[in-house]
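Trainee: Quick one: the structure is below, and I'll ask about it shortly.
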Amino acid sequence: MDGFLNIASGVTSVRDMGNDIDQLKHLQDQWDSGAAIGPRLWKAGFIDGRGPFQAPTGLYADTAEEATAARST
């Protein structure tokens with residue numbers, strides 16, 4: 001995601017629907033610290049089950065206990 005292009009286009013807020021959480025945190029940290037220009041970011045991802053069609057979120061759980069533990073990260 002290119003935050004500068006978002007801002008230049010008038011996009012000041014974005015909502016992420018479930019991309020890689022580590023990459024997303026890196027972007028948000030850069031934007032929040034002022035190291036890079038970017039929009040406000042709301043994370044609305046999800047915890048997915050493991051399998052061949054799992055989403056690229058980085059948060060996976062196959063049991064309720066795993067989901068509870070992943071939610072707190």
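Ordered as shown in the structure tokens, chains take letters A, B, and onward, while each chain numbers its residues from 1 and ligands are numbered from 1 in the order shown.
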What residues in chain A get the DSSP label helix (DSSP H, G or I)? Please answer as a ChimeraX atom specification.

Mentor: /A:3-8,21-33,64-71

Trainee: Set the distance at 10 Å and use only C-alpha atoms: which residues neighbour region 1-14 of chain A once local chain neighbours fewer than 5 positions away are removed? I'd like the list as JSON, numbers by chain.

Mentor: {"A": [23, 24, 27, 28, 30, 31, 36, 37, 38, 39, 40, 41, 42, 43]}

Trainee: Generate a file of the selected residues that holds N, CA, C and O atoms, formatted as a compact mmCIF listing (two decimals), in the first residue's frame.

Mentor:
# COMPACT_ATOMS: atom_id res chain seq x y z
N GLN A 23 3.01 -6.95 8.15
CA GLN A 23 3.23 -5.88 7.17
C GLN A 23 2.36 -4.66 7.50
O GLN A 23 2.81 -3.52 7.41
N LEU A 24 1.14 -4.93 7.90
CA LEU A 24 0.22 -3.85 8.24
C LEU A 24 0.72 -3.06 9.45
O LEU A 24 0.67 -1.83 9.46
N LEU A 27 3.55 -0.75 8.36
CA LEU A 27 3.05 0.45 7.68
C LEU A 27 2.44 1.44 8.68
O LEU A 27 2.73 2.63 8.64
N GLN A 28 1.62 0.93 9.57
CA GLN A 28 0.97 1.80 10.54
C GLN A 28 1.99 2.48 11.44
O GLN A 28 1.87 3.67 11.74
N GLN A 30 5.07 3.27 10.66
CA GLN A 30 5.73 4.32 9.88
C GLN A 30 4.83 5.54 9.75
O GLN A 30 5.30 6.67 9.90
N TRP A 31 3.57 5.33 9.45
CA TRP A 31 2.65 6.45 9.26
C TRP A 31 2.41 7.19 10.57
O TRP A 31 2.38 8.41 10.61
N ALA A 36 6.85 8.05 7.37
CA ALA A 36 6.29 7.98 6.02
C ALA A 36 4.91 8.64 6.05
O ALA A 36 4.30 8.79 7.12
N ILE A 37 4.45 9.02 4.90
CA ILE A 37 3.13 9.67 4.79
C ILE A 37 2.10 8.62 4.45
O ILE A 37 2.30 7.80 3.55
N GLY A 38 0.99 8.63 5.17
CA GLY A 38 -0.07 7.69 4.88
C GLY A 38 -1.35 8.03 5.62
O GLY A 38 -1.36 8.90 6.51
N PRO A 39 -2.42 7.36 5.27
CA PRO A 39 -3.72 7.64 5.86
C PRO A 39 -3.88 7.02 7.26
O PRO A 39 -3.05 6.22 7.69
N ARG A 40 -4.96 7.40 7.93
CA ARG A 40 -5.33 6.70 9.17
C ARG A 40 -5.73 5.29 8.78
O ARG A 40 -6.30 5.06 7.71
N LEU A 41 -5.44 4.34 9.65
CA LEU A 41 -5.66 2.93 9.33
C LEU A 41 -6.51 2.26 10.39
O LEU A 41 -6.19 2.34 11.58
N TRP A 42 -7.59 1.63 9.96
CA TRP A 42 -8.41 0.81 10.84
C TRP A 42 -8.27 -0.63 10.40
O TRP A 42 -8.45 -0.96 9.23
N LYS A 43 -7.93 -1.49 11.36
CA LYS A 43 -7.75 -2.91 11.06
C LYS A 43 -9.04 -3.65 11.40
O LYS A 43 -9.52 -3.59 12.52

Trainee: Do you know which residues are at most 9 Å from Pro56 (chain A) counting only C-alpha atoms, after dropping those on the same chain fewer than 5 positions away, and could you put them as a CSV table (one decimal) with N, CA and C atoms, in the first residue's frame?

Mentor:
chain,number,residue,atom,x,y,z
A,18,GLY,N,-8.1,-7.6,6.1
A,18,GLY,CA,-7.5,-8.9,6.4
A,18,GLY,C,-6.2,-9.2,5.7
A,19,ASN,N,-5.3,-8.3,5.6
A,19,ASN,CA,-4.0,-8.6,5.0
A,19,ASN,C,-3.0,-9.1,6.1
A,20,ASP,N,-1.8,-9.3,5.7
A,20,ASP,CA,-0.7,-9.7,6.6
A,20,ASP,C,-0.6,-8.8,7.8
A,21,ILE,N,-0.8,-9.2,9.0
A,21,ILE,CA,-0.8,-8.3,10.1
A,21,ILE,C,0.6,-7.7,10.4
A,48,ASP,N,-8.5,-16.8,10.7
A,48,ASP,CA,-9.0,-17.8,9.8
A,48,ASP,C,-8.5,-19.2,10.2

Trainee: Quick check, in Å to one decimal: how far apart do CA of Ile47 (chain A) and CA of Ser33 (chain A) lie?

Mentor: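 About the pair CA of Ile47 (chain A) and CA of Ser33 (chain A): they are 27.2 Å apart.
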
Trainee: Pick from A:Gly49, A:Asp29, A:Met17, A:Ala35: nearest to Ala64 (chain A), with only C-alpha atoms counted?

Mentor: A:Gly49

Trainee: Between A:Asp32, A:Arg15, A:Gly45, A:Arg50, which has the minimum distance to Thr63 (chain A) (counting only C-alpha atoms)?

Mentor: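 Closest to Thr63 (chain A), using only C-alpha atoms: A:Arg50.
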
Trainee: Could you go through chain A and tell me which residues DSSP, when run on the backbone, assigns to strand (DSSP E), listing them as JSON, numbers by chain?

Mentor: {"A": [13, 14, 15, 16, 40, 41, 42, 43]}

Trainee: Record the distance separating CA of Ala67 (chain A) and CA of Ala55 (chain A), expressed in Å with one decimal.

Mentor: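 Those two atoms sit 14.8 Å apart.
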
Trainee: In Å, how far is it from CA of Asp22 (chain A) to CA of Leu59 (chain A)?

Mentor: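 Going from CA of Asp22 (chain A) over to CA of Leu59 (chain A), I get 10.1 Å.
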